[in-house]
Amino acid sequence: MANFGFDDFRLVDPYDAAFREAVSAVGGAHVLQNARVFCTLAEAVADCSLVLGTTAGQHRVPQQTVERLEVGMIAARSHPGRVGLLFGSEKFGLSNEDMSFCHGLVRIATSADTPSMNLGQAVAVCLYELVRAGTDLGAGTSADPFSPVSGSDSEQITRMLLEVLEKSGYLNRIIAISTEQKVRRWIRRLRIGRRDGPLLLGILRQVLWKFNNPE
């Protein structure tokens with residue numbers, strides 16, 4: 001991260017012993033020292049209006065389209081809001097729940113015989129692809145006036161819609177987790193604008209009020 005000029009390092013529920021004992025390379029100490037730790041992924045990406053997850057597609061079948069890295073980085077460079085790159089563990093990668101928080105998925109074009117990369121190498125390749133066009137992550141250089149909702153607003157809309165679906169009887173308890181992930185992915189695909197977020201939340205609140213206060 002320090003090599004390519006990035007320092008907003010966020011960790012979700014890290015293995016504390018390994019994290020606290022980690023030693024950075026020369027010039028990168030400030031990245032590690034200033035790392036922010038979050039209990040949940042939702043909290044970690046709350047201020048990100050675009051989250052791109054990385055996957056080699058080995059351990060599970062993604063429910064979203066997986067783009068080549070260079071395609072995803074074009075979207076990141078032109079995005080008007082804050083962008084987050086999400087990496088899973090070297091051993092397991094991102095879970096289906098993790099990927100449901102992503103607006104898109106990207107993969108590095110590695111050999112089919114050896115698709116998985118060392119985590120540090122994968123991060124370096126992704127950040128290089130971002131900065132080689134001279135634009136930092138989340139710099140917002142797009143001329144597009146569209147301003148997307150933040151990650152926290154997306155999650156609030158998701159949670160409220162799930163509550164509406166539960167009260168309506170739509171949610172099946174047996175497949176509730178799967179449905180929750182599908183709804184979360186769908187909300188992120190909708191490209192909801194910042195100005196539209198409050199309207200949608202107001203509509204959902206009114207529906208919930210009607211469910212709780214039937215005439």
# chains A, B, ... in the order shown; residues from 1 in each chain; ligands from 1

$ residues_around --residues "Leu119 in chain A" --least-positions-apart "6" --cutoff "12 Å" --atoms "only C-alpha atoms" --output "list in words"
Thr54, Thr55, Ala56, Leu86, Phe87, Gly88, Ser89, Glu90, Lys91, Phe92, Gly93, Ile108, Val125 and Cys126 of chain A

$ closest_atom_pairs --of "range 91-112 of chain A" --to "range 188-209 of chain A" --cutoff "9 Å" --atoms "only C-alpha atoms" --output "CSV"
residue,atom,partner,partner_atom,distance
A:Ser100,CA,A:Arg188,CA,8.6
A:Phe101,CA,A:Arg188,CA,7.7
A:Cys102,CA,A:Arg188,CA,7.3
A:His103,CA,A:Arg188,CA,5.3
A:Gly104,CA,A:Arg189,CA,8.4

$ closest_residue --among "A:Met1, A:Thr114, A:Ala29, A:Ser152" --to "Leu41 in chain A" --atoms "only C-alpha atoms"
A:Ser152

$ closest_residue --among "A:Cys48, A:Met117, A:Ser24, A:Asp98" --to "Val12 in chain A" --atoms "only C-alpha atoms"
A:Asp98

$ closest_residue --among "A:Leu50, A:Val106, A:Leu85, A:Ala2" --to "His30 in chain A" --atoms "only C-alpha atoms"
A:Ala2

$ atom_distance --atom1 "CA of Val31 in chain A" --atom2 "CA of Phe6 in chain A"
8.1 Å
